[in-house]
$ cat query-v8.cif   # mmCIF, C-alpha atoms
data_protein
loop_
_atom_site.group_PDB
_atom_site.id
_atom_site.type_symbol
_atom_site.label_atom_id
_atom_site.label_comp_id
_atom_site.auth_asym_id
_atom_site.auth_seq_id
_atom_site.Cartn_x
_atom_site.Cartn_y
_atom_site.Cartn_z
ATOM 1 C CA MET A 750 22.095 -18.798 13.037
ATOM 2 C CA ASN A 751 20.766 -17.388 16.307
ATOM 3 C CA LYS A 752 23.598 -16.790 18.820
ATOM 4 C CA PHE A 753 21.635 -18.401 21.666
ATOM 5 C CA LEU A 754 21.031 -21.517 19.600
ATOM 6 C CA ILE A 755 24.772 -21.693 19.038
ATOM 7 C CA PHE A 756 25.185 -21.365 22.832
ATOM 8 C CA ILE A 757 22.923 -24.412 23.370
ATOM 9 C CA LEU A 758 24.716 -26.546 20.771
ATOM 10 C CA VAL A 759 28.191 -25.623 22.046
ATOM 11 C CA GLY A 760 27.115 -26.345 25.638
ATOM 12 C CA ILE A 761 25.795 -29.797 24.720
ATOM 13 C CA LEU A 762 28.983 -30.609 22.760
ATOM 14 C CA ILE A 763 31.166 -29.552 25.698
ATOM 15 C CA THR A 764 29.082 -31.699 28.076
ATOM 16 C CA LEU A 765 29.364 -34.730 25.794
ATOM 17 C CA SER A 766 33.104 -34.166 25.326
ATOM 18 C CA ILE A 767 33.718 -34.010 29.077
ATOM 19 C CA THR A 768 31.602 -37.111 29.615
ATOM 20 C CA ILE A 769 33.539 -39.070 26.980
ATOM 21 C CA TYR A 770 36.877 -37.845 28.359
ATOM 22 C CA PHE A 771 36.222 -38.906 31.954
ATOM 23 C CA THR A 772 34.742 -42.212 30.811
ATOM 24 C CA SER A 773 37.982 -43.002 28.972
ATOM 25 C CA GLN A 774 40.161 -41.930 31.959
ATOM 26 C CA TYR A 775 38.418 -44.096 34.584
ATOM 27 C CA GLN A 776 38.003 -47.412 32.836
ATOM 28 C CA GLU A 777 39.187 -49.355 35.919
ATOM 29 C CA ALA A 778 36.667 -47.700 38.251
ATOM 30 C CA ILE A 779 33.942 -48.254 35.724
ATOM 31 C CA SER A 780 34.713 -51.978 35.493
ATOM 32 C CA GLN A 781 34.209 -52.386 39.252
ATOM 33 C CA ASP A 782 30.752 -50.790 39.414
ATOM 34 C CA LYS A 783 29.405 -49.949 35.983
ATOM 35 C CA THR A 784 25.835 -49.323 37.047
ATOM 36 C CA ALA A 785 26.661 -46.753 39.727
ATOM 37 C CA PHE A 786 29.116 -44.978 37.439
ATOM 38 C CA PHE A 787 26.770 -44.658 34.477
ATOM 39 C CA VAL A 788 23.897 -43.530 36.686
ATOM 40 C CA SER A 789 26.131 -40.838 38.152
ATOM 41 C CA ILE A 790 27.651 -39.693 34.845
ATOM 42 C CA LEU A 791 24.343 -39.681 32.986
ATOM 43 C CA SER A 792 22.697 -37.762 35.792
ATOM 44 C CA SER A 793 25.433 -35.163 35.730
ATOM 45 C CA MET A 794 25.351 -34.962 31.932
ATOM 46 C CA TRP A 795 21.590 -34.530 31.884
ATOM 47 C CA GLN A 796 21.814 -31.718 34.450
ATOM 48 C CA ASP A 797 24.346 -29.884 32.280
ATOM 49 C CA ILE A 798 22.317 -30.346 29.097
ATOM 50 C CA THR A 799 19.154 -29.219 30.901
ATOM 51 C CA PHE A 800 20.975 -26.100 32.097
ATOM 52 C CA PHE A 801 22.114 -25.140 28.605
ATOM 53 C CA LEU A 802 18.660 -25.875 27.168
ATOM 54 C CA LEU A 803 16.800 -23.821 29.761
ATOM 55 C CA VAL A 804 19.133 -20.845 29.559
ATOM 56 C CA GLY A 805 19.344 -20.924 25.767
ATOM 57 C CA VAL A 806 15.643 -21.451 25.062
ATOM 58 C CA THR A 807 14.672 -18.765 27.582
ATOM 59 C CA ALA A 808 17.049 -16.315 25.911
ATOM 60 C CA ILE A 809 15.740 -17.210 22.453
ATOM 61 C CA LEU A 810 12.117 -16.727 23.515
ATOM 62 C CA ALA A 811 12.888 -13.438 25.245
ATOM 63 C CA GLN A 812 14.727 -12.207 22.172
ATOM 64 C CA PHE A 813 11.902 -13.362 19.895
ATOM 65 C CA TYR A 814 9.153 -11.512 21.748
ATOM 66 C CA GLN A 815 11.234 -8.400 22.202
ATOM 67 C CA HIS A 816 12.215 -8.490 18.536
ATOM 68 C CA LYS A 817 8.607 -9.073 17.526
ATOM 69 C CA GLY A 818 7.376 -5.979 19.349
ATOM 70 C CA GLU A 819 10.041 -3.625 18.028
ATOM 71 C CA ILE A 820 11.157 -5.436 14.911
ATOM 72 C CA LEU A 821 11.008 -2.438 12.583
ATOM 73 C CA ARG A 822 12.535 0.005 15.066
ATOM 74 C CA LYS A 823 15.480 -2.345 15.621
ATOM 75 C CA ARG A 824 16.003 -2.613 11.878
ATOM 76 C CA VAL A 825 16.044 1.171 11.545
ATOM 77 C CA HIS A 826 18.515 1.458 14.411
ATOM 78 C CA ASN A 827 20.745 -1.218 12.917
ATOM 79 C CA LEU A 828 20.513 0.383 9.482
ATOM 80 C CA PHE A 829 22.067 3.657 10.665
ATOM 81 C CA SER A 830 24.337 2.095 13.337
ATOM 82 C CA ASN A 831 24.420 5.291 15.364
ATOM 83 C CA ASP A 832 23.652 5.140 19.092
ATOM 84 C CA GLU A 833 23.622 8.941 19.302
ATOM 85 C CA VAL A 834 20.379 9.214 17.312
ATOM 86 C CA SER A 835 17.460 9.972 19.625
ATOM 87 C CA TYR A 836 14.528 7.619 20.175
ATOM 88 C CA SER A 837 12.083 10.146 18.695
ATOM 89 C CA THR A 838 14.113 10.396 15.482
ATOM 90 C CA ILE A 839 14.285 6.613 15.120
ATOM 91 C CA SER A 840 10.537 6.443 15.755
ATOM 92 C CA TYR A 841 9.876 9.079 13.071
ATOM 93 C CA VAL A 842 11.939 7.217 10.467
ATOM 94 C CA GLU A 843 10.209 3.979 11.479
ATOM 95 C CA ASN A 844 6.779 5.509 10.754
ATOM 96 C CA GLN A 845 7.985 6.835 7.396
ATOM 97 C CA ILE A 846 9.228 3.378 6.407
ATOM 98 C CA ARG A 847 6.010 1.787 7.661
ATOM 99 C CA ASP A 848 3.988 4.061 5.361
ATOM 100 C CA LEU A 849 6.230 3.267 2.412
ATOM 101 C CA SER A 850 5.791 -0.467 3.012
ATOM 102 C CA ILE A 851 2.300 -0.336 1.458
ATOM 103 C CA TYR A 852 2.265 -0.299 -2.311
ATOM 104 C CA CYS A 853 -0.106 -1.109 -5.187
ATOM 105 C CA SER A 854 0.719 -4.185 -7.200
ATOM 106 C CA ASP A 855 -1.950 -3.018 -9.624
ATOM 107 C CA ALA A 856 -4.229 0.022 -9.881
ATOM 108 C CA ALA A 857 -6.878 1.244 -12.282
ATOM 109 C CA SER A 858 -9.064 4.278 -12.890
ATOM 110 C CA ILE A 859 -12.142 3.290 -14.878
ATOM 111 C CA LEU A 860 -14.203 6.127 -16.346
ATOM 112 C CA GLU A 861 -17.642 5.907 -17.956
ATOM 113 C CA VAL A 862 -19.094 8.909 -19.769
ATOM 114 C CA LEU A 863 -22.786 8.709 -18.868
ATOM 115 C CA GLU A 864 -24.227 11.730 -20.661
ATOM 116 C CA TYR A 865 -23.527 15.128 -22.158
ATOM 117 C CA SER A 866 -25.349 18.336 -21.217
ATOM 118 C CA LYS A 867 -25.416 20.957 -23.932
ATOM 119 C CA SER A 868 -26.681 23.611 -21.517
ATOM 120 C CA LYS A 869 -23.896 22.913 -19.006
ATOM 121 C CA LYS A 870 -21.366 22.240 -21.765
ATOM 122 C CA ALA A 871 -20.145 19.361 -19.647
ATOM 123 C CA TYR A 872 -19.977 15.571 -19.490
ATOM 124 C CA ARG A 873 -21.315 13.593 -16.551
ATOM 125 C CA VAL A 874 -18.704 10.929 -15.822
ATOM 126 C CA SER A 875 -18.604 8.055 -13.348
ATOM 127 C CA PHE A 876 -15.245 7.202 -11.793
ATOM 128 C CA HIS A 877 -14.127 3.901 -10.280
ATOM 129 C CA ASN A 878 -10.661 3.809 -8.725
ATOM 130 C CA LYS A 879 -9.383 0.376 -7.767
ATOM 131 C CA TYR A 880 -6.147 -0.265 -5.882
ATOM 132 C CA TYR A 881 -4.627 -3.673 -5.046
ATOM 133 C CA LEU A 882 -2.791 -2.893 -1.820
ATOM 134 C CA CYS A 883 0.108 -5.072 -0.611
ATOM 135 C CA ASN A 884 2.107 -5.091 2.621
ATOM 136 C CA MET A 885 5.764 -5.385 1.687
ATOM 137 C CA PHE A 886 6.772 -6.677 5.133
ATOM 138 C CA GLY A 887 6.615 -10.403 5.742
ATOM 139 C CA ASP A 888 6.718 -10.069 9.531
ATOM 140 C CA VAL A 889 5.233 -6.646 10.372
ATOM 141 C CA PRO A 890 1.471 -5.972 10.110
ATOM 142 C CA TYR A 891 0.234 -2.577 8.903
ATOM 143 C CA GLU A 892 -2.476 -0.301 10.245
ATOM 144 C CA SER A 893 -2.936 3.373 9.496
ATOM 145 C CA VAL A 894 -5.584 6.026 8.960
ATOM 146 C CA ILE A 895 -5.525 7.536 5.472
ATOM 147 C CA MET A 896 -7.652 10.238 3.885
ATOM 148 C CA ALA A 897 -9.876 9.411 0.923
ATOM 149 C CA ASN A 898 -10.062 12.660 -1.070
ATOM 150 C CA VAL A 899 -12.257 13.445 -4.074
ATOM 151 C CA ALA A 900 -12.310 16.836 -5.803
ATOM 152 C CA PRO A 901 -15.079 17.931 -8.201
ATOM 153 C CA ASP A 902 -13.831 18.242 -11.771
ATOM 154 C CA LEU A 903 -16.117 21.185 -12.488
ATOM 155 C CA ILE A 904 -17.138 23.997 -10.120
ATOM 156 C CA ARG A 905 -19.871 26.362 -11.320
ATOM 157 C CA ASP A 906 -22.574 28.257 -9.449
ATOM 158 C CA ASP A 907 -25.251 27.294 -11.983
ATOM 159 C CA ILE A 908 -24.741 23.554 -11.326
ATOM 160 C CA GLU A 909 -26.586 22.539 -8.162
ATOM 161 C CA VAL A 910 -24.971 19.117 -7.672
ATOM 162 C CA LEU A 911 -21.351 18.946 -8.823
ATOM 163 C CA GLY A 912 -21.033 15.228 -8.105
ATOM 164 C CA GLU A 913 -21.770 12.416 -5.674
ATOM 165 C CA ILE A 914 -19.588 9.769 -4.075
ATOM 166 C CA SER A 915 -21.323 6.438 -3.569
ATOM 167 C CA SER A 916 -18.710 4.007 -2.233
ATOM 168 C CA ILE A 917 -15.412 3.759 -0.362
ATOM 169 C CA SER A 918 -14.544 0.180 0.550
ATOM 170 C CA LEU A 919 -11.761 -2.182 1.559
ATOM 171 C CA THR A 920 -11.970 -5.909 0.717
ATOM 172 C CA SER A 921 -9.651 -8.340 2.509
ATOM 173 C CA GLU A 922 -8.002 -11.449 1.042
ATOM 174 C CA LYS A 923 -10.776 -13.499 2.626
ATOM 175 C CA GLY A 924 -13.385 -11.536 0.692
ATOM 176 C CA GLU A 925 -14.605 -9.584 3.714
ATOM 177 C CA LYS A 926 -15.732 -6.155 2.516
ATOM 178 C CA LYS A 927 -15.819 -3.089 4.750
ATOM 179 C CA ASP A 928 -17.807 -0.057 3.569
ATOM 180 C CA PHE A 929 -16.840 3.365 4.902
ATOM 181 C CA LEU A 930 -19.895 5.245 3.567
ATOM 182 C CA ASN A 931 -23.601 4.994 4.310
ATOM 183 C CA GLY A 932 -25.404 5.960 1.115
ATOM 184 C CA ASP A 933 -24.459 8.615 -1.433
ATOM 185 C CA HIS A 934 -22.772 11.857 -0.385
ATOM 186 C CA VAL A 935 -22.782 15.080 -2.396
ATOM 187 C CA ILE A 936 -19.312 16.313 -3.335
ATOM 188 C CA PRO A 937 -19.130 20.014 -2.372
ATOM 189 C CA SER A 938 -17.051 22.622 -4.151
ATOM 190 C CA THR A 939 -14.495 22.320 -1.355
ATOM 191 C CA GLY A 940 -14.078 18.602 -2.102
ATOM 192 C CA PHE A 941 -14.934 15.455 -0.176
ATOM 193 C CA SER A 942 -12.622 13.979 2.453
ATOM 194 C CA GLN A 943 -13.131 10.860 4.584
ATOM 195 C CA PRO A 944 -10.664 9.236 7.023
ATOM 196 C CA ILE A 945 -10.493 5.449 6.713
ATOM 197 C CA THR A 946 -8.509 2.821 8.600
ATOM 198 C CA VAL A 947 -6.480 0.428 6.482
ATOM 199 C CA SER A 948 -5.253 -2.779 8.156
ATOM 200 C CA LEU A 949 -3.141 -5.439 6.468
ATOM 201 C CA ASP A 950 -1.617 -8.609 7.898
ATOM 202 C CA LYS A 951 2.001 -9.592 7.361
ATOM 203 C CA LYS A 952 2.371 -10.092 3.593
ATOM 204 C CA GLY A 953 -1.290 -9.047 3.529
ATOM 205 C CA ARG A 954 -3.286 -7.855 0.539
ATOM 206 C CA ALA A 955 -6.540 -5.951 0.140
ATOM 207 C CA ILE A 956 -8.550 -4.163 -2.549
ATOM 208 C CA TYR A 957 -9.297 -0.501 -1.894
ATOM 209 C CA GLU A 958 -12.035 1.054 -4.054
ATOM 210 C CA MET A 959 -13.698 4.435 -4.547
ATOM 211 C CA LYS A 960 -16.732 5.190 -6.743
ATOM 212 C CA TRP A 961 -18.243 8.556 -7.589
ATOM 213 C CA TRP A 962 -19.599 10.677 -10.436
ATOM 214 C CA SER A 963 -18.904 14.276 -11.348
ATOM 215 C CA TRP A 964 -19.618 16.819 -14.052
ATOM 216 C CA VAL A 965 -16.504 17.597 -16.104
ATOM 217 C CA ASP A 966 -15.940 20.657 -18.246
ATOM 218 C CA GLN A 967 -15.889 19.892 -21.966
ATOM 219 C CA HIS A 968 -12.744 22.037 -22.119
ATOM 220 C CA GLY A 969 -11.412 20.826 -18.779
ATOM 221 C CA ASN A 970 -8.764 18.593 -17.344
ATOM 222 C CA SER A 971 -9.018 15.368 -15.345
ATOM 223 C CA GLY A 972 -6.268 13.603 -13.448
ATOM 224 C CA PHE A 973 -5.521 10.939 -10.879
ATOM 225 C CA SER A 974 -2.806 10.347 -8.348
ATOM 226 C CA MET A 975 -2.141 7.689 -5.729
ATOM 227 C CA LYS A 976 -0.915 7.797 -2.174
ATOM 228 C CA ARG A 977 1.346 4.783 -2.711
ATOM 229 C CA LEU A 978 3.746 3.534 -5.356
ATOM 230 C CA ALA A 979 1.915 1.612 -8.094
ATOM 231 C CA GLU A 980 3.785 -1.088 -9.993
ATOM 232 C CA LYS A 981 1.125 -0.954 -12.713
ATOM 233 C CA TYR A 982 -1.496 1.710 -13.363
ATOM 234 C CA GLN A 983 -4.110 1.879 -16.109
ATOM 235 C CA VAL A 984 -6.656 4.552 -17.039
ATOM 236 C CA SER A 985 -9.552 3.729 -19.347
ATOM 237 C CA ILE A 986 -12.634 5.542 -20.677
ATOM 238 C CA GLU A 987 -15.857 3.952 -21.899
ATOM 239 C CA ASN A 988 -18.474 6.010 -23.716
ATOM 240 C CA LYS A 989 -22.052 5.254 -22.668
ATOM 241 C CA SER A 990 -23.480 8.509 -24.002
ATOM 242 C CA SER A 991 -25.123 8.991 -27.392
ATOM 243 C CA LEU A 992 -22.383 11.335 -28.678
ATOM 244 C CA GLN A 993 -18.740 10.879 -29.615
ATOM 245 C CA VAL A 994 -16.607 11.974 -26.673
ATOM 246 C CA GLY A 995 -13.513 14.065 -27.335
ATOM 247 C CA PHE A 996 -10.284 13.809 -25.349
ATOM 248 C CA THR A 997 -6.532 14.087 -25.731
ATOM 249 C CA THR A 998 -3.484 13.069 -23.734
ATOM 250 C CA ASN A 999 -1.649 16.174 -24.961
ATOM 251 C CA GLU A 1000 -3.502 19.480 -24.730
ATOM 252 C CA ASN A 1001 -1.520 20.864 -27.677
ATOM 253 C CA GLU A 1002 -2.705 18.131 -30.044
ATOM 254 C CA PRO A 1003 -6.101 17.654 -31.744
ATOM 255 C CA PRO A 1004 -8.608 15.421 -29.928
ATOM 256 C CA GLU A 1005 -9.450 11.783 -30.420
ATOM 257 C CA TYR A 1006 -13.073 10.638 -30.295
ATOM 258 C CA ILE A 1007 -14.674 7.647 -28.590
ATOM 259 C CA LYS A 1008 -17.865 6.302 -30.126
ATOM 260 C CA PHE A 1009 -20.870 4.981 -28.207
ATOM 261 C CA GLY A 1010 -20.081 1.628 -26.552
ATOM 262 C CA GLU A 1011 -16.363 1.957 -27.230
ATOM 263 C CA LYS A 1012 -13.751 1.587 -24.507
ATOM 264 C CA ARG A 1013 -10.318 3.159 -24.811
ATOM 265 C CA ILE A 1014 -7.232 2.565 -22.655
ATOM 266 C CA ILE A 1015 -5.608 5.968 -22.570
ATOM 267 C CA SER A 1016 -2.755 5.292 -20.159
ATOM 268 C CA ASN A 1017 -0.766 2.231 -19.154
ATOM 269 C CA ARG A 1018 2.152 3.068 -16.883
ATOM 270 C CA GLN A 1019 4.536 1.209 -14.606
ATOM 271 C CA ASP A 1020 6.250 2.199 -11.357
ATOM 272 C CA VAL A 1021 4.182 5.330 -10.798
ATOM 273 C CA PRO A 1022 5.408 7.239 -7.696
ATOM 274 C CA PRO A 1023 3.027 8.589 -5.029
ATOM 275 C CA ASN A 1024 1.185 11.900 -5.548
ATOM 276 C CA GLU A 1025 2.135 12.182 -9.217
ATOM 277 C CA ARG A 1026 -0.849 13.015 -11.381
ATOM 278 C CA THR A 1027 -1.794 11.169 -14.528
ATOM 279 C CA GLU A 1028 -3.679 13.729 -16.617
ATOM 280 C CA PHE A 1029 -5.706 14.110 -19.784
ATOM 281 C CA TRP A 1030 -7.900 16.785 -21.358
ATOM 282 C CA TRP A 1031 -11.538 16.798 -22.489
ATOM 283 C CA PHE A 1032 -12.924 18.188 -25.741
ATOM 284 C CA PRO A 1033 -16.537 18.834 -26.811
ATOM 285 C CA PRO A 1034 -18.379 15.988 -28.562
ATOM 286 C CA LYS A 1035 -17.770 15.576 -32.260
ATOM 287 C CA GLY A 1036 -19.975 18.010 -34.197
ATOM 288 C CA LEU A 1037 -20.313 20.385 -31.235
ATOM 289 C CA GLU A 1038 -16.790 21.793 -31.280
ATOM 290 C CA GLU A 1039 -16.240 25.385 -30.216
ATOM 291 C CA ASP A 1040 -13.371 27.583 -31.309
ATOM 292 C CA ILE A 1041 -12.500 28.911 -27.860
ATOM 293 C CA ALA A 1042 -9.346 28.990 -25.799
ATOM 294 C CA ARG A 1043 -8.946 26.237 -23.232
ATOM 295 C CA ARG A 1044 -9.614 27.418 -19.704
ATOM 296 C CA GLU A 1045 -6.653 27.704 -17.370
ATOM 297 C CA TYR A 1046 -6.637 24.719 -15.040
ATOM 298 C CA LYS A 1047 -5.596 24.877 -11.398
ATOM 299 C CA LEU A 1048 -5.268 21.922 -9.089
ATOM 300 C CA HIS A 1049 -8.025 21.699 -6.469
ATOM 301 C CA PRO A 1050 -6.794 22.652 -2.949
ATOM 302 C CA ILE A 1051 -7.766 19.236 -1.535
ATOM 303 C CA LEU A 1052 -5.146 17.738 -3.867
ATOM 304 C CA SER A 1053 -2.476 20.322 -3.067
ATOM 305 C CA SER A 1054 0.126 17.688 -2.157
ATOM 306 C CA HIS A 1055 -0.042 16.191 -5.646
ATOM 307 C CA ARG A 1056 2.345 17.266 -8.367
ATOM 308 C CA GLN A 1057 0.450 18.652 -11.339
ATOM 309 C CA GLY A 1058 1.608 17.858 -14.815
ATOM 310 C CA GLU A 1059 5.144 16.741 -14.011
ATOM 311 C CA LYS A 1060 4.646 13.569 -15.985
ATOM 312 C CA PRO A 1061 1.608 13.609 -18.300
ATOM 313 C CA ILE A 1062 -0.160 10.511 -19.502
ATOM 314 C CA ASP A 1063 1.777 8.213 -21.827
ATOM 315 C CA PRO A 1064 -0.564 7.419 -24.749
ATOM 316 C CA ILE A 1065 -0.604 3.832 -26.013
#

$ encode --input "query-v8.cif" --output "structure tokens"
Amino acid sequence: MNKFLIFILVGILITLSITIYFTSQYQEAISQDKTAFFVSILSSMWQDITFFLLVGVTAILAQFYQHKGEILRKRVHNLFSNDEVSYSTISYVENQIRDLSIYCSDAASILEVLEYSKSKKAYRVSFHNKYYLCNMFGDVPYESVIMANVAPDLIRDDIEVLGEISSISLTSEKGEKKDFLNGDHVIPSTGFSQPITVSLDKKGRAIYEMKWWSWVDQHGNSGFSMKRLAEKYQVSIENKSSLQVGFTTNENEPPEYIKFGEKRIISNRQDVPPNERTEFWWFPPKGLEEDIARREYKLHPILSSHRQGEKPIDPI
């Protein structure tokens, strides 16, 4: 219970106790002029109660608004219980905790193989990443600028357009959708990066989405990672091309093939930490296999903070 509320209650009890005590001690005086006595005692009692109420309520309101403005910083300070820690250090830890307060209750990467180019020896694949963002705090809103990064899966001089990003959006709980792109943007070899502002109310939720397409090497690697913890994360591939698409979740094992119109869930993980890549490997279409060594894969510089291959995809 709030200490100032206790102050109010104790003050009122003391006032009532004193009033009852003096009433019992001066019965004779009361009997001579009851009206004057009760008017006097009630007036005095009301003044005392009003005093405790005004002081207590004022203190509660002051504490509430002060607490509201620095609620997270106070919690950090109380957590470490060390008055020698500087304000800047507390502020830094506060910002780190604020960032960690956003997580994904659910996330999905949905891939569609659109076509295969025999001359490029590559698939053209559309990607749709969908994240259900949640604010863990029930009394602290969230607002931050994050970077939306997309790296091309295949970089070759003979391919004029490596890929295009068509949508980056944030949809609120009320269904209000905010688009951060105007039209399609070509993904250069250096990768695409766009700052976006994410705002969530207390206990707020929103859907963050990215859509793009890219050429992928038929002997290449694809992977995804998130900026926030994901309680559930699923990766699926649907084949919309005329050939059987080859892939594997373990580069040392033979490929599986997805027929036209077939959809395959290739990963279903829980409690995926930030910046940890979920990876798989492509193979040429069935009937067009080549007996060549797989090209060495290096993580694109725009994704340098992500950990490559520490925990590969878990096949279902």

$ residues_around --input "query-v8.cif" --residues "Ile908 of chain A" --least-positions-apart "3" --cutoff "12 Å" --atoms "only C-alpha atoms" --output "list in words"
Ser866, Ser868, Lys869, Lys870, Ala871, Arg873, Pro901, Leu903, Ile904, Arg905, Leu911, Gly912, Pro937, Ser938, Ser963, Trp964, Val965 and Asp966 of chain A

$ resolve_selection --input "query-v8.cif" --expression "the PyMOL selection byres ((chain A and resi 890) around 9)" --output "PyMOL selection string"
chain A and resi 884+886-889+891-892+948-953

$ atom_distance --input "query-v8.cif" --atom1 "atom CA of Ile846 of chain A" --atom2 "atom CA of Asn1024 of chain A"
16.7 Å

$ atom_distance --input "query-v8.cif" --atom1 "atom CA of Asp855 of chain A" --atom2 "atom CA of Glu980 of chain A"
6.1 Å

$ atom_distance --input "query-v8.cif" --atom1 "atom CA of Lys981 of chain A" --atom2 "atom CA of Tyr872 of chain A"
27.6 Å

$ resolve_selection --input "query-v8.cif" --expression "the PyMOL selection byres ((chain A and resi 959) around 6)" --output "PyMOL selection string"
chain A and resi 877-878+916-917+958+960

$ residues_around --input "query-v8.cif" --residues "Ile1015 of chain A" --least-positions-apart "5" --cutoff "12 Å" --atoms "only C-alpha atoms" --output "list of chain:residue names"
A:Ala857, A:Ser858, A:Ile859, A:Leu860, A:Gly972, A:Tyr982, A:Gln983, A:Val984, A:Ser985, A:Ile986, A:Glu987, A:Phe996, A:Thr997, A:Thr998, A:Asn999, A:Glu1005, A:Tyr1006, A:Ile1007, A:Thr1027, A:Glu1028, A:Phe1029, A:Trp1030, A:Pro1061, A:Ile1062, A:Asp1063, A:Pro1064, A:Ile1065

$ resolve_selection --input "query-v8.cif" --expression "the PyMOL selection byres ((chain A and resi 945) around 9)" --output "list in words"
Ser893, Val894, Ile895, Met896, Ala897, Ile917, Phe929, Gln943, Pro944, Thr946 and Val947 of chain A

$ write_last_selection --input "query-v8.cif" --atoms "C-alpha atoms" --output "JSON list (two decimals), in the frame of the given file"
[["chain", "number", "residue", "atom", "x", "y", "z"],
["A", 893, "SER", "CA", -2.94, 3.37, 9.50],
["A", 894, "VAL", "CA", -5.58, 6.03, 8.96],
["A", 895, "ILE", "CA", -5.52, 7.54, 5.47],
["A", 896, "MET", "CA", -7.65, 10.24, 3.88],
["A", 897, "ALA", "CA", -9.88, 9.41, 0.92],
["A", 917, "ILE", "CA", -15.41, 3.76, -0.36],
["A", 929, "PHE", "CA", -16.84, 3.36, 4.90],
["A", 943, "GLN", "CA", -13.13, 10.86, 4.58],
["A", 944, "PRO", "CA", -10.66, 9.24, 7.02],
["A", 946, "THR", "CA", -8.51, 2.82, 8.60],
["A", 947, "VAL", "CA", -6.48, 0.43, 6.48]]

$ closest_residue --input "query-v8.cif" --among "A:Ser850, A:Gln1019, A:Arg1026, A:Phe1032" --to "Glu1002 of chain A" --atoms "all atoms listed in the file"
A:Phe1032

$ closest_residue --input "query-v8.cif" --among "A:Val862, A:Ala856, A:Ala979, A:Val935" --to "Glu1011 of chain A" --atoms "only C-alpha atoms"
A:Val862

$ closest_residue --input "query-v8.cif" --among "A:Thr920, A:Asn898, A:Gly969, A:Glu925" --to "Pro1033 of chain A" --atoms "all atoms listed in the file"
A:Gly969

$ axis_aligned_box --input "query-v8.cif" --around "segment 947-962 of chain A" --padding-each-side "6 Å" --output "AutoDock Vina command-line options"
--center_x -8.6 --center_y 0.3 --center_z -1.1 --size_x 34.0 --size_y 32.8 --size_z 30.6
